[in-house]
Amino acid sequence: MAMRVLVGCKRVIDYAVKIRVKPDKTGVVTEGVKHSLNPFDEIAVEEAVRLKEKKLASEVIAVSCGPPPCQETLRTALAMGVDRGIHVEIGGKDYETLQPIHVSKILAKLAQEEKVDLIILGKQAIDDDANQTAQMTAAVLDWPQGVFASKIEKMDGTLKIQREVDGGVEYVEAKLPAVISSDLRLNEPRYATLPNIMKAKKKQIAKKSISDLGVDITPRVEVLTVEDPPVREAGAKVESVEELLTKLKDLGRI
Amino acid sequence: MASSRSRVIQLYKNLLYLGRDYPKGYDYFRTRLKSAFMKNNDVTGPAQIEMLLARGQYIIKELEALYLLKKYRALKKRYSSEQ
């Protein structure tokens, strides 16, 4: 039985960009900043495409929630080999307060609409580092979850998932349908080349609005402030061991 | 197969696209890419053109590997707790 796979694609600020906090501390500067597909989602997309190439998956669908530029993010996923995309349009104020719980409800709804057998998501996004969406999606659907997967093997009707845990490797078996989140070492994602991006323009991206899905996206969490991490204090050079000891004593460390 | 002229142009376009992610910036990459292509402006031998096209494909592979590794290392540094 070939699976239908749903993958999540979040549009985030590119990993190589230096993040700047807005002066009013309400968030980070996103205007005019390079965005790309969340690297962990890229790994999820790659895994789904590999399942398809091994004929274990029949169709791979990518979903992105957010403003119109998310279509470019979806295009990257399509260029990597995803069959079609779904763009859930959420703009402006609603997008600023969109939380993992809302995204997980959207994904769950789409998973039921599209009758998918497997959802693969990145373990976290590199912008909010929430690491919640996969777990919440599994909870909303009441499906088994295999998070931080570093290897996925398909057995008969189940998946054997290798997970990286502290101090070793853990194996879990999950019955389908299931939700998986990808760890960094699951695979090496391919590059979306220009010819493939061009070919991907022929692929279909369906637009959906939040009211079509009937998901409530009123914010549950309020962001109070966003601040820069503390700057590391400069060190000082000492001439001798004695000086080092007196300095450490002054600081009360010894 | 397409003419070697269109293949060279396609190679140039593909490389330019890759240059958008170049660590030293797009402008740095573009000027160097252009001069590298202009240097072989007067090459006419079909065998030699084939050789240069193959070299271009090799560079595409190398760049893809470079970006993959750079991204992997950056993420590993950010998200691994070891040391």
# chains A, B, ... in the order shown; residues from 1 in each chain; ligands from 1
call {"tool": "select_by_dssp", "arguments": {"residues": "region 3-140 of chain A", "states": "helix (DSSP H, G or I)", "output": "JSON, numbers by chain"}}
result
{"A": [39, 40, 41, 42, 43, 44, 45, 46, 47, 48, 49, 50, 51, 52, 53, 70, 71, 72, 73, 74, 75, 76, 77, 78, 79, 80, 92, 93, 94, 95, 96, 100, 101, 102, 103, 104, 105, 106, 107, 108, 109, 110, 111, 112, 113, 114, 133, 134, 135, 136, 137, 138, 139, 140]}
call {"tool": "closest_atom_pairs", "arguments": {"of": "chain B", "to": "chain A", "cutoff": "8 Å", "atoms": "only C-alpha atoms", "output": "tab-separated table"}}
result
residue	atom	partner	partner_atom	distance
B:Asn14	CA	A:Leu194	CA	5.8
B:Tyr17	CA	A:Leu194	CA	6.4
B:Leu18	CA	A:Thr193	CA	7.6
B:Glu64	CA	A:Tyr191	CA	6.4
B:Leu68	CA	A:Glu188	CA	7.4
B:Lys71	CA	A:Tyr15	CA	7.6
B:Tyr72	CA	A:Leu184	CA	7.7
B:Ala74	CA	A:Tyr15	CA	8.0
B:Leu75	CA	A:Leu184	CA	7.8
B:Lys76	CA	A:Leu184	CA	7.6
call {"tool": "closest_residue", "arguments": {"among": "A:Glu113, A:Asp183, A:Glu89, A:Asp14", "to": "Tyr79 (chain B)", "atoms": "only C-alpha atoms"}}
result
A:Asp183
call {"tool": "residues_around", "arguments": {"residues": "region 44-46 of chain A", "least_positions_apart": "4", "cutoff": "6 Å", "atoms": "only C-alpha atoms", "output": "ChimeraX atom specification"}}
result
/A:120-122,182,189
call {"tool": "residues_around", "arguments": {"residues": "Ala149 (chain A)", "least_positions_apart": "2", "cutoff": "9 Å", "atoms": "only C-alpha atoms", "output": "list in words"}}
result
Lys123, Gly146, Val147, Lys151, Ile152, Ile161, Gln162, Arg163, Glu164, Ile180, Ser181, Ser182, Asp183, Leu184, Arg185 and Leu186 of chain A
call {"tool": "write_last_selection", "arguments": {"atoms": "N, CA, C and O atoms", "output": "PDB file, in the first residue's frame"}}
result
ATOM      1  N   LYS A 123      11.446  19.325  12.769  1.00  0.00           N
ATOM      2  CA  LYS A 123      11.266  19.240  14.226  1.00  0.00           C
ATOM      3  C   LYS A 123      11.005  20.620  14.834  1.00  0.00           C
ATOM      4  O   LYS A 123      10.309  20.748  15.823  1.00  0.00           O
ATOM      5  N   GLY A 146       6.340  10.121  15.938  1.00  0.00           N
ATOM      6  CA  GLY A 146       7.753   9.752  16.012  1.00  0.00           C
ATOM      7  C   GLY A 146       8.541  11.026  15.769  1.00  0.00           C
ATOM      8  O   GLY A 146       8.756  11.422  14.632  1.00  0.00           O
ATOM      9  N   VAL A 147       8.929  11.688  16.863  1.00  0.00           N
ATOM     10  CA  VAL A 147       9.589  12.980  16.684  1.00  0.00           C
ATOM     11  C   VAL A 147      11.108  12.840  16.790  1.00  0.00           C
ATOM     12  O   VAL A 147      11.613  11.894  17.380  1.00  0.00           O
ATOM     13  N   LYS A 151      16.053   8.262  11.210  1.00  0.00           N
ATOM     14  CA  LYS A 151      15.943   7.239  10.173  1.00  0.00           C
ATOM     15  C   LYS A 151      14.516   6.710  10.179  1.00  0.00           C
ATOM     16  O   LYS A 151      13.943   6.512  11.248  1.00  0.00           O
ATOM     17  N   ILE A 152      13.960   6.509   8.990  1.00  0.00           N
ATOM     18  CA  ILE A 152      12.603   5.987   8.910  1.00  0.00           C
ATOM     19  C   ILE A 152      12.604   4.753   8.019  1.00  0.00           C
ATOM     20  O   ILE A 152      13.141   4.785   6.913  1.00  0.00           O
ATOM     21  N   ILE A 161      10.975   3.887  13.468  1.00  0.00           N
ATOM     22  CA  ILE A 161      11.607   5.196  13.496  1.00  0.00           C
ATOM     23  C   ILE A 161      12.780   5.181  14.454  1.00  0.00           C
ATOM     24  O   ILE A 161      12.645   4.780  15.614  1.00  0.00           O
ATOM     25  N   GLN A 162      13.916   5.603  13.933  1.00  0.00           N
ATOM     26  CA  GLN A 162      15.095   5.733  14.789  1.00  0.00           C
ATOM     27  C   GLN A 162      15.155   7.165  15.282  1.00  0.00           C
ATOM     28  O   GLN A 162      15.048   8.100  14.497  1.00  0.00           O
ATOM     29  N   ARG A 163      15.283   7.335  16.602  1.00  0.00           N
ATOM     30  CA  ARG A 163      15.294   8.683  17.163  1.00  0.00           C
ATOM     31  C   ARG A 163      16.592   8.946  17.883  1.00  0.00           C
ATOM     32  O   ARG A 163      17.125   8.080  18.562  1.00  0.00           O
ATOM     33  N   GLU A 164      17.064  10.171  17.766  1.00  0.00           N
ATOM     34  CA  GLU A 164      18.258  10.550  18.512  1.00  0.00           C
ATOM     35  C   GLU A 164      17.819  11.081  19.859  1.00  0.00           C
ATOM     36  O   GLU A 164      17.102  12.067  19.947  1.00  0.00           O
ATOM     37  N   ILE A 180       5.475  12.440  11.890  1.00  0.00           N
ATOM     38  CA  ILE A 180       6.916  12.330  12.121  1.00  0.00           C
ATOM     39  C   ILE A 180       7.532  13.718  12.071  1.00  0.00           C
ATOM     40  O   ILE A 180       7.108  14.563  11.270  1.00  0.00           O
ATOM     41  N   SER A 181       8.507  13.981  12.943  1.00  0.00           N
ATOM     42  CA  SER A 181       9.264  15.219  12.769  1.00  0.00           C
ATOM     43  C   SER A 181      10.721  14.867  12.530  1.00  0.00           C
ATOM     44  O   SER A 181      11.262  13.932  13.111  1.00  0.00           O
ATOM     45  N   SER A 182      11.360  15.624  11.639  1.00  0.00           N
ATOM     46  CA  SER A 182      12.698  15.272  11.172  1.00  0.00           C
ATOM     47  C   SER A 182      13.774  15.929  12.024  1.00  0.00           C
ATOM     48  O   SER A 182      13.671  17.093  12.378  1.00  0.00           O
ATOM     49  N   ASP A 183      14.798  15.152  12.326  1.00  0.00           N
ATOM     50  CA  ASP A 183      15.969  15.697  12.993  1.00  0.00           C
ATOM     51  C   ASP A 183      16.987  16.101  11.927  1.00  0.00           C
ATOM     52  O   ASP A 183      16.813  15.818  10.739  1.00  0.00           O
ATOM     53  N   LEU A 184      18.054  16.748  12.370  1.00  0.00           N
ATOM     54  CA  LEU A 184      19.048  17.272  11.414  1.00  0.00           C
ATOM     55  C   LEU A 184      19.698  16.164  10.586  1.00  0.00           C
ATOM     56  O   LEU A 184      20.008  16.355   9.423  1.00  0.00           O
ATOM     57  N   ARG A 185      19.893  14.997  11.187  1.00  0.00           N
ATOM     58  CA  ARG A 185      20.639  13.957  10.479  1.00  0.00           C
ATOM     59  C   ARG A 185      19.765  12.925   9.775  1.00  0.00           C
ATOM     60  O   ARG A 185      20.229  11.846   9.446  1.00  0.00           O
ATOM     61  N   LEU A 186      18.523  13.251   9.506  1.00  0.00           N
ATOM     62  CA  LEU A 186      17.653  12.299   8.807  1.00  0.00           C
ATOM     63  C   LEU A 186      18.139  12.051   7.379  1.00  0.00           C
ATOM     64  O   LEU A 186      18.158  10.925   6.908  1.00  0.00           O
TER      65      LEU A 186
END
call {"tool": "closest_residue", "arguments": {"among": "B:Ile49, B:Tyr67, B:Lys77, B:Gln57", "to": "Leu15 (chain B)", "atoms": "only C-alpha atoms"}}
result
B:Gln57
call {"tool": "closest_residue", "arguments": {"among": "A:Gln204, A:Thr26, A:Gln132, A:Thr137", "to": "Val226 (chain A)", "atoms": "only C-alpha atoms"}}
result
A:Thr26
call {"tool": "closest_residue", "arguments": {"among": "B:Val8, B:Leu33, B:Leu69, B:Met38", "to": "Leu52 (chain B)", "atoms": "only C-alpha atoms"}}
result
B:Val8
call {"tool": "select_by_dssp", "arguments": {"residues": "region 2-239 of chain A", "states": "strand (DSSP E or B)", "output": "PyMOL selection string"}}
result
chain A and resi 3-8+11-13+21+28+35-37+57-66+84-89+118-122+145-154+158-165+168-175+178-182+205-209
call {"tool": "closest_residue", "arguments": {"among": "A:Val33, A:Val28, A:Leu107, A:Leu213", "to": "Gly8 (chain A)", "atoms": "only C-alpha atoms"}}
result
A:Leu107
call {"tool": "residues_around", "arguments": {"residues": "Pro144 (chain A)", "least_positions_apart": "3", "cutoff": "9 Å", "atoms": "only C-alpha atoms", "output": "PyMOL selection string"}}
result
chain A and resi 138-139+141+174-180
call {"tool": "write_last_selection", "arguments": {"atoms": "N, CA, C and O atoms", "output": "short mmCIF file (atom, residue, chain, number, x, y, z; two decimals), in the first residue's frame"}}
result
data_model
loop_
_atom_site.label_atom_id
_atom_site.label_comp_id
_atom_site.auth_asym_id
_atom_site.auth_seq_id
_atom_site.Cartn_x
_atom_site.Cartn_y
_atom_site.Cartn_z
N ALA A 138 -0.10 15.60 16.07
CA ALA A 138 -0.38 14.20 16.43
C ALA A 138 -1.48 14.15 17.48
O ALA A 138 -2.37 13.30 17.42
N ALA A 139 -1.44 15.09 18.42
CA ALA A 139 -2.44 15.09 19.48
C ALA A 139 -3.83 15.44 18.94
O ALA A 139 -4.81 14.81 19.31
N LEU A 141 -4.98 14.96 15.96
CA LEU A 141 -5.51 13.87 15.15
C LEU A 141 -5.65 12.57 15.94
O LEU A 141 -6.27 11.62 15.48
N ALA A 174 5.58 2.85 14.94
CA ALA A 174 4.32 3.58 14.93
C ALA A 174 3.43 3.01 13.85
O ALA A 174 3.88 2.74 12.73
N LYS A 175 2.16 2.82 14.20
CA LYS A 175 1.18 2.37 13.21
C LYS A 175 0.79 3.55 12.35
O LYS A 175 0.69 4.68 12.83
N LEU A 176 0.52 3.29 11.09
CA LEU A 176 0.02 4.35 10.21
C LEU A 176 -1.48 4.54 10.47
O LEU A 176 -2.14 3.57 10.79
N PRO A 177 -2.01 5.71 10.31
CA PRO A 177 -1.35 6.98 9.99
C PRO A 177 -0.56 7.52 11.19
O PRO A 177 -0.92 7.24 12.33
N ALA A 178 0.49 8.29 10.87
CA ALA A 178 1.35 8.79 11.94
C ALA A 178 1.91 10.17 11.59
O ALA A 178 1.80 10.62 10.45
N VAL A 179 2.48 10.80 12.61
CA VAL A 179 3.14 12.10 12.42
C VAL A 179 4.61 11.94 12.77
O VAL A 179 4.95 11.36 13.81
N ILE A 180 5.48 12.44 11.89
CA ILE A 180 6.92 12.33 12.12
C ILE A 180 7.53 13.72 12.07
O ILE A 180 7.11 14.56 11.27
#
call {"tool": "residues_around", "arguments": {"residues": "Arg55 (chain B)", "least_positions_apart": "4", "cutoff": "12 Å", "atoms": "only C-alpha atoms", "output": "list in words"}}
result
Val8, Leu11, Leu15, Ala36, Phe37, Gln48, Ile49, Glu50, Met51, Ile59, Ile60, Lys61 and Glu62 of chain B
call {"tool": "closest_residue", "arguments": {"among": "A:Glu173, A:Asp142, A:Glu222, A:Asp250", "to": "Ser104 (chain A)", "atoms": "only C-alpha atoms"}}
result
A:Asp142
call {"tool": "atom_distance", "arguments": {"atom1": "CA of Asp156 (chain A)", "atom2": "CA of Val172 (chain A)"}}
result
14.6 Å
call {"tool": "atom_distance", "arguments": {"atom1": "CA of Gln99 (chain A)", "atom2": "CA of Glu31 (chain A)"}}
result
20.3 Å
call {"tool": "residues_around", "arguments": {"residues": "region 77-88 of chain A", "least_positions_apart": "5", "cutoff": "8 Å", "atoms": "only C-alpha atoms", "output": "ChimeraX atom specification"}}
result
/A:9,42,45-46,48-49,59-66,70-71,190-193,196-200,203-210
